[in-house]
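Here is the structure we will look at.
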Amino acid sequence: MKKMEELQNLNKKWMEECQCELKKTATQAVPGDGSADAEIVFIGEAPGKSEDAQGKPFVGAAGKFLAEMLFIINFKREDIYITNIVKYRPPNNRDPLPEEKSACREWLLEELKIIEPKLIVFLGRHAMNNFFPALQISQAHGKLLIKPFKGMSTKYFFPLYHPAAALYDGSMREVLIEDFKKIPKVLKEIAKREI
């Protein structure tokens, strides 16, 4: 079975079985989107209003900015896979609660298991803290983190500020673009380590 089919089956399964409380208030689930063979998986926090309406991650203003940054490093959205730690929109875009994150965690881990990316890029502190609870995004952004996790194919992680944060704060926008430009170098660094 092709990876894409596996992902579709996985999403179908979890749309029925996910016990996340946000299911009650969201319009629909927003599973990951993109290439099942991606070297890079981007993980955000939770769907927003546009995502909830369209059922796809990162289709609003933050998604447009992400597409611009991908273009800068010669990537297209079709080259990557993008998902969220929580698959349902929290009411009024509030932060997802710990129990909502944990209700969606298996879904995320199974997505990663199918794709087997070389690198996971965290978009914002919620995504990063899901794997590295003690780290602060202000100190970790733009740095390669290396840590093996049981059952995960990659041990390489790269935290960035969330594109939405950069839309509200111009100074953060520059930082995010500079960090983003490091991604091709990070992939080369990983390739060297894997030899």
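FYI, nothing fancy with the structure tokens labels: chains A, B, ... in order, residues from 1 per chain, ligands from 1 as they appear.
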Write out as JSON lines the residues of range 134-191 of chain A that have any atom within 12 Å of an atom of range 100-111 of chain A, one row each with the nearest atom pair and its distance in Å to one decimal, counting only C-alpha atoms, sorted by chain and then rising number.
{"residue": "A:Phe149", "atom": "CA", "partner": "A:Leu109", "partner_atom": "CA", "distance": 10.6}
{"residue": "A:Lys150", "atom": "CA", "partner": "A:Leu109", "partner_atom": "CA", "distance": 10.5}
{"residue": "A:Gly151", "atom": "CA", "partner": "A:Leu109", "partner_atom": "CA", "distance": 8.6}
{"residue": "A:Met152", "atom": "CA", "partner": "A:Leu109", "partner_atom": "CA", "distance": 7.8}
{"residue": "A:Ser153", "atom": "CA", "partner": "A:Leu109", "partner_atom": "CA", "distance": 10.5}
{"residue": "A:Thr154", "atom": "CA", "partner": "A:Leu109", "partner_atom": "CA", "distance": 11.6}
Self-check item: DSSP alpha helix (DSSP H) selection over range 11-105 of chain A, as JSON, numbers by chain
Solution: {"A": [11, 12, 13, 14, 15, 16, 17, 49, 50, 51, 52, 53, 54, 61, 62, 63, 64, 65, 66, 67, 68, 69, 70, 71, 72, 98, 99, 100, 101, 102, 103, 104, 105]}
Quiz item: Which one is closest to Pro163 in chain A: A:Met128, A:Ala53, A:Leu176, A:Ile43? Count only C-alpha atoms.
Solution: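 So, comparing all the options, the nearest one is A:Leu176.
Coordinates place CA of Ala62 in chain A at a distance of 7.3 Å from CA of Leu167 in chain A.
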Quiz item: Nearest to Ala67 in chain A: which of A:Glu189, A:Asp79, A:Asp169, A:Glu116 is it, counting only C-alpha atoms?
Solution: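 Under the stated criterion, the closest residue is A:Asp79.
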So that I can check the surroundings of Val121 in chain A, please list as a compact mmCIF listing (two decimals) with C-alpha atoms, in the first residue's frame every protein, DNA and RNA residue that reaches within 9 Å of it, counting only C-alpha atoms and ignoring chain neighbours fewer than 6 positions away.
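Heads up, here's the output in result_20.txt:
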# COMPACT_ATOMS: atom_id res chain seq x y z
CA ILE A 40 10.29 17.65 5.97
CA VAL A 41 7.17 17.65 8.12
CA PHE A 42 6.01 20.98 9.48
CA ILE A 43 3.96 20.78 12.67
CA GLY A 44 1.80 23.68 13.79
CA ALA A 127 4.34 22.20 18.61
CA MET A 128 7.85 22.32 20.08
CA TYR A 156 16.17 15.90 14.03
CA PHE A 157 13.95 18.82 14.98
CA PHE A 158 14.06 22.49 14.02
CA PRO A 159 11.89 24.97 15.95
CA LEU A 160 10.66 28.21 14.37
CA ILE A 183 16.45 24.71 6.48
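Between CA of Leu70 in chain A and CA of Ala38 in chain A the separation is 13.5 Å.
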Quiz item: Restricting the calculation to only C-alpha atoms, which member of A:Leu145, A:Arg193, A:His126, A:Ser35 is positioned closest to Phe75 in chain A?
Solution: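 Answer, going by the shortest atom-to-atom distance: A:Ser35.
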Quiz item: Within 6 Å of Tyr88 in chain A, counting only C-alpha atoms, which residues qualify if same-chain residues fewer than 4 places away don't, as number ranges by chain?
Solution: A: 22, 26, 29
With N, CA and C atoms kept, could you save the residues just selected as a PDB file, in the first residue's frame?
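The new file out-v8.pdb reads:
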ATOM      1  N   LEU A  22     -12.631  18.921  21.341  1.00  0.00           N
ATOM      2  CA  LEU A  22     -12.817  20.000  20.356  1.00  0.00           C
ATOM      3  C   LEU A  22     -13.693  19.558  19.183  1.00  0.00           C
ATOM      4  N   ALA A  26     -15.843  22.104  16.724  1.00  0.00           N
ATOM      5  CA  ALA A  26     -15.227  22.371  15.413  1.00  0.00           C
ATOM      6  C   ALA A  26     -16.183  21.972  14.287  1.00  0.00           C
ATOM      7  N   ALA A  29     -12.691  17.861  11.194  1.00  0.00           N
ATOM      8  CA  ALA A  29     -11.282  17.556  11.486  1.00  0.00           C
ATOM      9  C   ALA A  29     -10.415  18.183  10.401  1.00  0.00           C
TER      10      ALA A  29
END
Practice problem: Identify which of the residues A:Val175, A:Cys18, A:Ile80, A:Ala36 lies closest to Lys113 in chain A, counting only C-alpha atoms when measuring atom-to-atom distances. | Solution: A:Ala36
